[in-house]
Amino acid sequence: MLCGLNMMSHDIRESRRASDADRLDLMFYLPDLSGGGAERLTIDLCHELQAQGHIAELTVDSRKGENSDIVSPSVRLHELLPGDRPARRVIESGFAIGSMGAMIESCLASRKPVFTWQRVAALAAHLKARRPAILVAALGYAPFIAYWANQIAGHICKVVVVEHNTSSKAFLAEGLPIRKLIRLSQIKALSRRIYPALDGVVAVSNGVAEDVSEFAYINRRSVQTIYNPIPFDRVTRLATEAPGHEWLQDDAAGPVIVSAGRLVAQKNYPLLLRSLAKLNARPGRQMPVKLLVLGDGPLKQDLMGLCRDLGIESEVDFLGWRANPYALMSRADVFCLSSDREGLGNVLIEALACGVAVVATDCPSGPREILADGLYGRLVPPRDVDALVAALVEALDFPESTTEDRIARAAQFSVPTIAAQYIEYLSQFMPQENRICAERKPEA
């Protein structure tokens, strides 16, 4: 079945190869190439768009990061800030009329005004030199930088933002310091001024779309939902490799749960650890359930301490980041996501691609959409230990959907499939004169 799905992805790519008239001219803009899922999927999209005959340049402030090595030579990677005095180049080439407000706002709205201005100036200079049709920005301050830079460059291109997070939920997070709350308030004010002026906004889930429309005061109908892709072919291929962990190589080790993600408060690993302790304390359980945690982060030592306090040290292994987490996922009995909030939750799609049974908190906003209201995995209320324990017991003992069903669901999020949705959406922003020129045949 996996072979057939992989061939289908190849057929989709070939059947959708762009003609000259339909070719998109895109510049994707990210802060850097760190190891997050959003960075990786943007790189995957660039690869796919290039393979289909479109222009998809990847522009970053810094090319540093764990994902820098996976950018193919077929994709042009441009680093903005290697120390090339971008501000001077913008000044020499001339400001756009009316851009002074953008320059002032970009400096006043940042904790690091000099660095922010450098980013804005560098991107503006590159836009004037490169002149793409569409600038697609995502993550952190990148949407604001993109908007300001395009103003300073003279509105050279259309600006589209991809929103990956439920920003308003950050205001509801417990224990945020006053300084961060003030910062979030500033970001909200900026969003409400800038987002209505953008040419397009993409949200990675319907939940994120609802959130950004409320957070930024924009019409919900103007926000396009396009789910994040996963490299389906690569995931399913890597899933067949040896897991390299003794708990997954010996059935005598007992049932194994896998979880993956940054070790941060948003992921609520304490909920999963407390649920594991309660699960293994249930009467009649002959063999303890083990937990493998893939990922790293600032809370690692705290979580290891909680394992000691709960008496489950020998049943939990923190593995850090793995180049191939899919070999572990595919051999596990259950994959569990215990987050308080997600933008989409790409790791759930990857788990489905590995064929493993899934249990997830029904947090805003992605899990319910990915699992189709629970059709492809169990959903439980966030922060509910008893509900999570019950769902894990059911998933271990009575898996609902079949492995084939889960893999087929994940295939709906393949890179070629999602790239086609981006192409359809972004095509509306291409200048009409580009199409006319492309359609003209050279004179004999």
# chains A, B, ... in the order shown; residues from 1 in each chain; ligands from 1
call {"tool": "select_by_dssp", "arguments": {"residues": "stretch 213-429 of chain A", "states": "helix (DSSP H, G or I)", "output": "ChimeraX atom specification"}}
result
/A:213-215,220-222,232-238,246-249,251-253,265-267,269-280,300-310,313-315,326-331,346-353,367-370,385-397,403-411,415-429
call {"tool": "residues_around", "arguments": {"residues": "A:Phe232", "least_positions_apart": "6", "cutoff": "7 Å", "atoms": "only C-alpha atoms", "output": "ChimeraX atom specification"}}
result
/A:353,411,414
call {"tool": "residues_around", "arguments": {"residues": "A:Ala410", "least_positions_apart": "6", "cutoff": "12 Å", "atoms": "only C-alpha atoms", "output": "ChimeraX atom specification"}}
result
/A:2,5,227-233,235-236,346-356,370-372,376,403-404,417-418
call {"tool": "write_last_selection", "arguments": {"atoms": "N, CA and C atoms", "output": "CSV table (one decimal), in the first residue's frame"}}
result
chain,number,residue,atom,x,y,z
A,2,LEU,N,1.9,1.3,0.8
A,2,LEU,CA,2.8,2.4,0.9
A,2,LEU,C,3.4,2.7,-0.5
A,5,LEU,N,0.9,4.5,-2.6
A,5,LEU,CA,0.7,5.9,-2.3
A,5,LEU,C,1.8,6.8,-2.7
A,227,TYR,N,-3.9,23.3,5.2
A,227,TYR,CA,-3.2,22.5,6.2
A,227,TYR,C,-1.8,22.4,5.9
A,228,ASN,N,-1.0,22.2,7.0
A,228,ASN,CA,0.5,21.9,6.8
A,228,ASN,C,0.7,20.6,6.1
A,229,PRO,N,1.7,20.5,5.2
A,229,PRO,CA,2.0,19.2,4.6
A,229,PRO,C,3.0,18.4,5.4
A,230,ILE,N,3.1,17.2,5.1
A,230,ILE,CA,4.1,16.4,5.6
A,230,ILE,C,4.8,15.7,4.4
A,231,PRO,N,6.1,15.4,4.5
A,231,PRO,CA,6.8,14.7,3.5
A,231,PRO,C,6.4,13.2,3.5
A,232,PHE,N,5.2,12.9,3.0
A,232,PHE,CA,4.7,11.6,3.2
A,232,PHE,C,5.6,10.5,2.7
A,233,ASP,N,6.1,10.6,1.6
A,233,ASP,CA,7.0,9.6,1.0
A,233,ASP,C,8.2,9.3,1.9
A,235,VAL,N,8.5,10.1,5.2
A,235,VAL,CA,8.1,9.5,6.5
A,235,VAL,C,7.8,8.0,6.4
A,236,THR,N,7.1,7.6,5.4
A,236,THR,CA,6.7,6.2,5.3
A,236,THR,C,8.0,5.4,5.0
A,346,ASN,N,1.4,19.0,13.5
A,346,ASN,CA,1.9,18.2,12.4
A,346,ASN,C,2.3,16.8,12.8
A,347,VAL,N,2.8,16.7,14.1
A,347,VAL,CA,3.3,15.4,14.5
A,347,VAL,C,2.2,14.4,14.6
A,348,LEU,N,1.0,14.8,14.7
A,348,LEU,CA,-0.1,13.9,14.7
A,348,LEU,C,-0.3,13.3,13.2
A,349,ILE,N,-0.1,14.1,12.2
A,349,ILE,CA,-0.2,13.6,10.9
A,349,ILE,C,1.0,12.6,10.6
A,350,GLU,N,2.2,13.0,11.1
A,350,GLU,CA,3.3,12.1,10.9
A,350,GLU,C,3.0,10.7,11.6
A,351,ALA,N,2.4,10.8,12.8
A,351,ALA,CA,2.1,9.5,13.5
A,351,ALA,C,1.1,8.7,12.7
A,352,LEU,N,0.1,9.3,12.2
A,352,LEU,CA,-0.8,8.6,11.3
A,352,LEU,C,-0.1,8.0,10.1
A,353,ALA,N,0.8,8.7,9.5
A,353,ALA,CA,1.5,8.1,8.4
A,353,ALA,C,2.4,6.9,8.8
A,354,CYS,N,2.7,6.8,10.1
A,354,CYS,CA,3.5,5.7,10.6
A,354,CYS,C,2.5,4.5,10.9
A,355,GLY,N,1.2,4.8,10.9
A,355,GLY,CA,0.2,3.7,11.1
A,355,GLY,C,-0.1,3.5,12.6
A,356,VAL,N,0.5,4.3,13.5
A,356,VAL,CA,0.3,4.0,14.9
A,356,VAL,C,-1.0,4.6,15.4
A,370,ILE,N,-7.4,17.2,12.3
A,370,ILE,CA,-6.6,16.1,11.8
A,370,ILE,C,-7.2,14.7,11.9
A,371,LEU,N,-7.8,14.5,13.1
A,371,LEU,CA,-8.4,13.2,13.4
A,371,LEU,C,-9.8,13.1,13.0
A,372,ALA,N,-10.3,14.1,12.3
A,372,ALA,CA,-11.7,14.1,11.7
A,372,ALA,C,-12.7,13.8,12.8
A,376,TYR,N,-10.1,9.0,13.3
A,376,TYR,CA,-8.8,8.4,13.1
A,376,TYR,C,-7.9,8.3,14.4
A,403,THR,N,-4.6,0.4,10.7
A,403,THR,CA,-3.3,1.0,10.2
A,403,THR,C,-3.5,1.6,8.8
A,404,GLU,N,-4.1,0.8,7.9
A,404,GLU,CA,-4.3,1.3,6.6
A,404,GLU,C,-5.1,2.6,6.5
A,417,THR,N,-0.1,17.3,-2.5
A,417,THR,CA,-1.5,17.7,-2.4
A,417,THR,C,-1.6,19.1,-1.8
A,418,ILE,N,-0.8,19.4,-0.8
A,418,ILE,CA,-0.9,20.7,-0.1
A,418,ILE,C,-0.3,21.8,-1.0
call {"tool": "atom_distance", "arguments": {"atom1": "atom CA of A:Ala56", "atom2": "atom CA of A:Ile134"}}
result
9.8 Å
call {"tool": "residues_around", "arguments": {"residues": "A:Ala137", "least_positions_apart": "5", "cutoff": "6 Å", "atoms": "only C-alpha atoms", "output": "ChimeraX atom specification"}}
result
/A:28-29,142-143,161
call {"tool": "atom_distance", "arguments": {"atom1": "atom CA of A:Arg131", "atom2": "atom CA of A:Cys157"}}
result
7.1 Å
call {"tool": "select_by_dssp", "arguments": {"residues": "stretch 146-314 of chain A", "states": "strand (DSSP E or B)", "output": "list in words"}}
result
Lys158, Val159, Val160, Val161, Val162, Glu163, Gly200, Val201, Val202, Ala203, Val223, Gln224, Thr225, Ile230, Val256, Ile257, Val258, Ser259, Ala260, Lys290, Leu291, Leu292, Val293, Leu294 and Gly295 of chain A
call {"tool": "write_last_selection", "arguments": {"atoms": "N, CA and C atoms", "output": "compact mmCIF listing (two decimals), in the first residue's frame"}}
result
# COMPACT_ATOMS: atom_id res chain seq x y z
N LYS A 158 2.97 41.45 -3.91
CA LYS A 158 1.89 41.13 -2.99
C LYS A 158 2.49 40.45 -1.76
N VAL A 159 1.89 40.70 -0.60
CA VAL A 159 2.40 40.11 0.65
C VAL A 159 1.33 39.20 1.23
N VAL A 160 1.70 37.94 1.43
CA VAL A 160 0.81 36.93 2.01
C VAL A 160 1.49 36.38 3.26
N VAL A 161 0.72 36.25 4.33
CA VAL A 161 1.25 35.74 5.60
C VAL A 161 0.65 34.37 5.88
N VAL A 162 1.47 33.44 6.36
CA VAL A 162 1.00 32.13 6.80
C VAL A 162 1.04 32.10 8.32
N GLU A 163 -0.12 31.94 8.92
CA GLU A 163 -0.24 31.97 10.38
C GLU A 163 -0.24 30.53 10.91
N GLY A 200 -3.04 38.77 1.51
CA GLY A 200 -3.62 37.47 1.80
C GLY A 200 -3.14 36.92 3.13
N VAL A 201 -3.98 36.12 3.77
CA VAL A 201 -3.62 35.45 5.02
C VAL A 201 -4.02 33.99 4.91
N VAL A 202 -3.07 33.11 5.17
CA VAL A 202 -3.31 31.66 5.20
C VAL A 202 -3.20 31.19 6.64
N ALA A 203 -4.11 30.34 7.06
CA ALA A 203 -4.05 29.73 8.39
C ALA A 203 -3.90 28.22 8.22
N VAL A 223 -9.58 34.80 5.32
CA VAL A 223 -8.50 33.92 5.76
C VAL A 223 -8.68 32.55 5.12
N GLN A 224 -7.67 32.10 4.40
CA GLN A 224 -7.72 30.81 3.69
C GLN A 224 -7.08 29.73 4.54
N THR A 225 -7.80 28.66 4.80
CA THR A 225 -7.21 27.53 5.53
C THR A 225 -6.52 26.59 4.55
N ILE A 230 3.05 17.17 5.13
CA ILE A 230 4.15 16.35 5.64
C ILE A 230 4.82 15.69 4.44
N VAL A 256 4.41 0.22 24.54
CA VAL A 256 5.22 1.45 24.49
C VAL A 256 4.38 2.58 23.89
N ILE A 257 4.39 3.71 24.59
CA ILE A 257 3.79 4.95 24.09
C ILE A 257 4.92 5.86 23.62
N VAL A 258 4.72 6.54 22.52
CA VAL A 258 5.69 7.53 22.04
C VAL A 258 5.02 8.90 22.02
N SER A 259 5.77 9.92 22.42
CA SER A 259 5.33 11.30 22.27
C SER A 259 6.48 12.10 21.70
N ALA A 260 6.17 13.19 21.01
CA ALA A 260 7.23 13.98 20.38
C ALA A 260 6.85 15.45 20.37
N LYS A 290 5.58 1.63 28.91
CA LYS A 290 6.77 2.49 28.81
C LYS A 290 6.44 3.71 27.95
N LEU A 291 7.22 4.77 28.15
CA LEU A 291 7.04 6.01 27.40
C LEU A 291 8.37 6.49 26.84
N LEU A 292 8.42 6.73 25.54
CA LEU A 292 9.57 7.34 24.88
C LEU A 292 9.20 8.76 24.49
N VAL A 293 10.01 9.72 24.92
CA VAL A 293 9.76 11.13 24.63
C VAL A 293 10.82 11.63 23.65
N LEU A 294 10.38 12.05 22.48
CA LEU A 294 11.28 12.56 21.44
C LEU A 294 11.20 14.08 21.43
N GLY A 295 12.33 14.72 21.64
CA GLY A 295 12.35 16.18 21.66
C GLY A 295 13.19 16.70 22.80
call {"tool": "residues_around", "arguments": {"residues": "stretch 360-366 of chain A", "least_positions_apart": "2", "cutoff": "8 Å", "atoms": "only C-alpha atoms", "output": "list in words"}}
result
Thr166, Ser205, Asn206, Gly207, Val208, Cys336, Leu337, Ser338, Ser339, Asp340, Arg341, Glu342, Gly343, Leu344, Gly345, Val358, Arg368, Glu369, Ile370, Gly377, Arg378, Leu379, Val380, Pro381, Pro382, Arg383 and Leu388 of chain A
call {"tool": "closest_residue", "arguments": {"among": "A:Leu299, A:Val264, A:Ile145, A:Ala129", "to": "A:Pro113", "atoms": "only C-alpha atoms"}}
result
A:Ile145
call {"tool": "residues_around", "arguments": {"residues": "stretch 243-251 of chain A", "least_positions_apart": "3", "cutoff": "7 Å", "atoms": "only C-alpha atoms", "output": "MDAnalysis selection string"}}
result
chainID A and resid 254 327:328 331:332
call {"tool": "atom_distance", "arguments": {"atom1": "atom CA of A:Gly261", "atom2": "atom CA of A:Leu41"}}
result
15.4 Å
call {"tool": "closest_residue", "arguments": {"among": "A:Ala239, A:Ala146, A:Ala253, A:Ala395", "to": "A:Met329", "atoms": "only C-alpha atoms"}}
result
A:Ala239
call {"tool": "closest_residue", "arguments": {"among": "A:Asp386, A:Tyr141, A:Leu303, A:Ala209", "to": "A:Arg183", "atoms": "only C-alpha atoms"}}
result
A:Tyr141
